[in-house]
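Take a look at the structure below.
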There are 2 protein chains.
Amino acid sequence: MKIHKRQVIDVALALLDEQGLSELQMRAVASRLDVQASALYWHVRNKGELLTLMAAHFYNAALTSVPDGLAWREWLLTYGKALRGSLLGHRDSAQLCAIAKPLDEDAAAATDILTRPLVLAGLSRHVALSYQSSVISLVLGWCIYEQSEVLHDYLARVIGFDESFTTGLTAMVTGFP
Amino acid sequence: MKIHKRQVIDVALALLDEQGLSELQMRAVASRLDVQASALYWHVRNKGELLTLMAAHFYNAALTSVPDGLAWREWLLTYGKALRGSLLGHRDSAQLCAIAKPLDEDAAAATDILTRPLVLAGLSRHVALSYQSSVISLVLGWCIYEQSEVLHDYLARVIGFDESFTTGLTAMVTGFP
DNA sequence: ACCTGAACACCGTTCAAGT
DNA sequence: ACCTGAACACCGTTCAAGT
């Protein structure tokens with residue numbers, strides 16, 4: 001039975017949600033596709049590339065969900081919340097993003113797409129990339145803790161995740177010069 | 001030859017710096033101590049605990065380096081920079097923190113130590129923990145990207161790491177209500 | 001108490017061979 | 001072009017046995 005690259009990614013994402021990152025094995029992905037593990041290597045260079053593609057999925061989902069035409073502070077707020085939402089939509093996604101190497105496709109092109117809305121809203125490329133980096137970093141770091149099995153329950157009790165995240169993100173974005 | 005838990009951690013940290021996280025294997029750590037890999041399991045429950053202890057080392061180094069008596073905004077700024085400095089002092093340290101589970105010692109006690117300086121500076125425990133979480137998240141996320149082999153060179157060219165990080169951290173801390 | 005030596009289970013990856 | 005089947009190297013971990 002023929003399988004496609006897209007299916008490999010989708011099955012891997014489903015497996016991640018159900019079993020977590022530690023149980024995301026090539027054999028497990030293959031088994032869900034009724035295929036041998038070695039078959040995956042026709043579609044994907046190695047496990048690292050699969051993780052990269054999965055991470056790209058999280059980033060893309062956030063980016064495309066933000067509407068056009070926002071002022072840059074609004075855009076950064078909306079994007080930050082969207083990225084957190086995208087990550088929290090899957091299990092262990094932030095850890096995955098932390099260990100996945102970014103796509104080796106031209107980094108310049110990637111950051112170009114990422115900063116375009118901000119540049120259109122009037123920021124210079126340099127400032128846009130700088131602000132964007134801070135927002136993404138905050139979200140990634142935050143979700144790593146929020147998704148941590150050990151910390152989650154305790155932190156959820158003493159701080160409200162939603163409320164505290166919004167406070168931090170808002171502080172940063174309104175604090176930008 | 002007898003070895004001690006501290007040596008295991010120190011050797012692991014040295015190995016991390018030289019070879020990176022992917023080459024941090026129990027056998028490699030043991031070999032440096034002229035000991036069999038199985039001997040490590042007398043001192044450490046498993047590799048996960050070793051990673052946890054290494055991560056705790058990074059967090060502790062930052063915390064103890066911040067002087068007493070600062071106003072809370074100053075404290076957060078100093079701590080944020082210190083934590084980034086501590087992480088950048090070792091290779092792949094942010095990735096390590098992202099995958100290491102926190103110490104299973106009482107989470108309440110741990111956050112207590114972390115927020116004490118802020119509480120002494122006049123913040124409520126709730127607000128202190130909330131702000132602290134945002135700062136730590138920003139630093140962790142930031143260092144993950146800064147230490148990424150693939151991204152580092154490109155990002156270093158288009159943004160200044162030091163300058164952009166300071167911008168983001170300062171914006172957040174001054175933006176806190 | 002602390003370490004050795006050998007073993008086990010598991011996992012990513014390769015590759016010749018099939019269709 | 002795309003998959004199978006078998007194999008290999010490697011790694012975390014266990015455990016009886018030593019001292």
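Simple scheme: letters A, B, ... for chains in structure tokens order, numbers from 1 for residues in each chain, numbers from 1 for ligands in the order shown.
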Set out as CSV a contact list for chain C and stretch 3-12 of chain D with a cut-off of 10 Å, giving each residue of chain C that qualifies its closest atom pair and distance in Å to one decimal, counting only C-alpha atoms (C1' of nucleotides), ordered by chain and rising residue number.
```
residue,atom,partner,partner_atom,distance
C:DA9,C1',D:DG12,C1',9.5
C:DC10,C1',D:DC11,C1',8.7
C:DC11,C1',D:DC11,C1',8.7
C:DG12,C1',D:DC10,C1',9.0
C:DT13,C1',D:DC8,C1',8.7
C:DT14,C1',D:DC8,C1',8.2
C:DC15,C1',D:DA7,C1',9.1
C:DA16,C1',D:DA6,C1',9.8
C:DA17,C1',D:DT4,C1',8.3
C:DG18,C1',D:DT4,C1',7.3
C:DT19,C1',D:DC3,C1',8.3
```
So that I have them on file, write out the residues from the current selection with C-alpha atoms (C1' of nucleotides), as an mmCIF file, in the first residue's frame.
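Saved file part.cif follows:
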```cif
data_model
loop_
_atom_site.group_PDB
_atom_site.id
_atom_site.type_symbol
_atom_site.label_atom_id
_atom_site.label_comp_id
_atom_site.auth_asym_id
_atom_site.auth_seq_id
_atom_site.Cartn_x
_atom_site.Cartn_y
_atom_site.Cartn_z
ATOM 1 C "C1'" DA C 9 15.458 -5.022 25.434
ATOM 2 C "C1'" DC C 10 15.007 -1.524 22.459
ATOM 3 C "C1'" DC C 11 15.671 1.778 18.770
ATOM 4 C "C1'" DG C 12 17.418 4.269 14.596
ATOM 5 C "C1'" DT C 13 19.232 3.116 10.375
ATOM 6 C "C1'" DT C 14 21.026 0.505 6.258
ATOM 7 C "C1'" DC C 15 20.697 -2.337 2.310
ATOM 8 C "C1'" DA C 16 20.020 -5.989 -0.748
ATOM 9 C "C1'" DA C 17 16.114 -7.861 -2.586
ATOM 10 C "C1'" DG C 18 11.581 -7.857 -4.088
ATOM 11 C "C1'" DT C 19 7.287 -5.770 -6.873
#
```
Using only C-alpha atoms (C1' of nucleotides), which residues sit within 10 Å of A:Met1 once same-chain residues fewer than 2 positions away are excluded, as a CSV table (one decimal) with N, CA, C and O atoms (P, O5', C5', C4', C3', O3' and C1' of nucleotides), in the first residue's frame?
```csv
chain,number,residue,atom,x,y,z
A,3,ILE,N,2.1,4.9,0.7
A,3,ILE,CA,1.9,6.0,1.7
A,3,ILE,C,2.5,7.2,1.2
A,3,ILE,O,3.4,7.2,0.3
A,33,LEU,N,0.9,2.8,10.0
A,33,LEU,CA,0.7,2.9,8.5
A,33,LEU,C,0.7,1.5,7.9
A,33,LEU,O,0.7,1.4,6.6
A,34,ASP,N,0.8,0.5,8.7
A,34,ASP,CA,0.8,-0.9,8.2
A,34,ASP,C,2.0,-1.0,7.2
A,34,ASP,O,1.8,-1.5,6.1
A,35,VAL,N,3.1,-0.7,7.7
A,35,VAL,CA,4.3,-0.6,6.9
A,35,VAL,C,5.5,-1.0,7.8
A,35,VAL,O,5.5,-0.8,9.0
D,2,DC,P,7.1,7.1,-5.1
D,2,DC,O5',7.2,5.8,-4.3
D,2,DC,C5',6.1,4.8,-4.4
D,2,DC,C4',6.4,3.6,-3.7
D,2,DC,C3',6.8,3.7,-2.2
D,2,DC,O3',5.8,3.0,-1.4
D,2,DC,C1',8.3,2.2,-3.2
D,3,DC,P,5.7,3.1,0.1
D,3,DC,O5',6.1,1.6,0.6
D,3,DC,C5',5.3,0.5,0.2
D,3,DC,C4',6.1,-0.7,0.3
D,3,DC,C3',6.5,-1.0,1.8
D,3,DC,O3',5.8,-2.1,2.3
D,3,DC,C1',8.3,-1.4,0.2
```
Chain B contacts to chain D at 9 Å (only C-alpha atoms (C1' of nucleotides)) as JSON, numbers by chain: {"B": [25, 26, 27, 38, 41, 46, 47]}
Could you produce a table of the residues of chain A lying within 6 Å of chain B, with the nearest pair of atoms per residue and their separation in Å rounded to one decimal, using only C-alpha atoms, ordered by chain and increasing residue number, as CSV?
```
residue,atom,partner,partner_atom,distance
A:Ser130,CA,B:Ser164,CA,5.5
A:Ser134,CA,B:Gly168,CA,5.5
A:Ser137,CA,B:Gly141,CA,4.1
A:Leu138,CA,B:Leu138,CA,4.0
A:Leu140,CA,B:Gly141,CA,5.3
A:Gly141,CA,B:Ser137,CA,4.1
A:Trp142,CA,B:Ser137,CA,4.8
A:Ser164,CA,B:Ser130,CA,5.5
A:Gly168,CA,B:Ser134,CA,5.5
A:Ala171,CA,B:Gly175,CA,4.0
A:Met172,CA,B:Met172,CA,3.6
A:Gly175,CA,B:Ala171,CA,4.0
A:Phe176,CA,B:Ala171,CA,5.0
```
Could you pull out the helix (DSSP H, G or I) residues of chain B, going by DSSP on the backbone, and write them as a PyMOL selection string? chain B and resi 5-19+21-23+26-32+37-43+47-65+72-88+93-99+107-120+125-146+149-158+161-175
One decimal, in Å: what's the spacing between atom CA of A:Ile9 and atom CA of A:Val29?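 Taking atom CA of A:Ile9 as the start and atom CA of A:Val29 as the end point, the length is 9.0 Å.
We find atom CA of B:Gly48 and atom CA of B:Lys81 to be spaced 27.0 Å apart.
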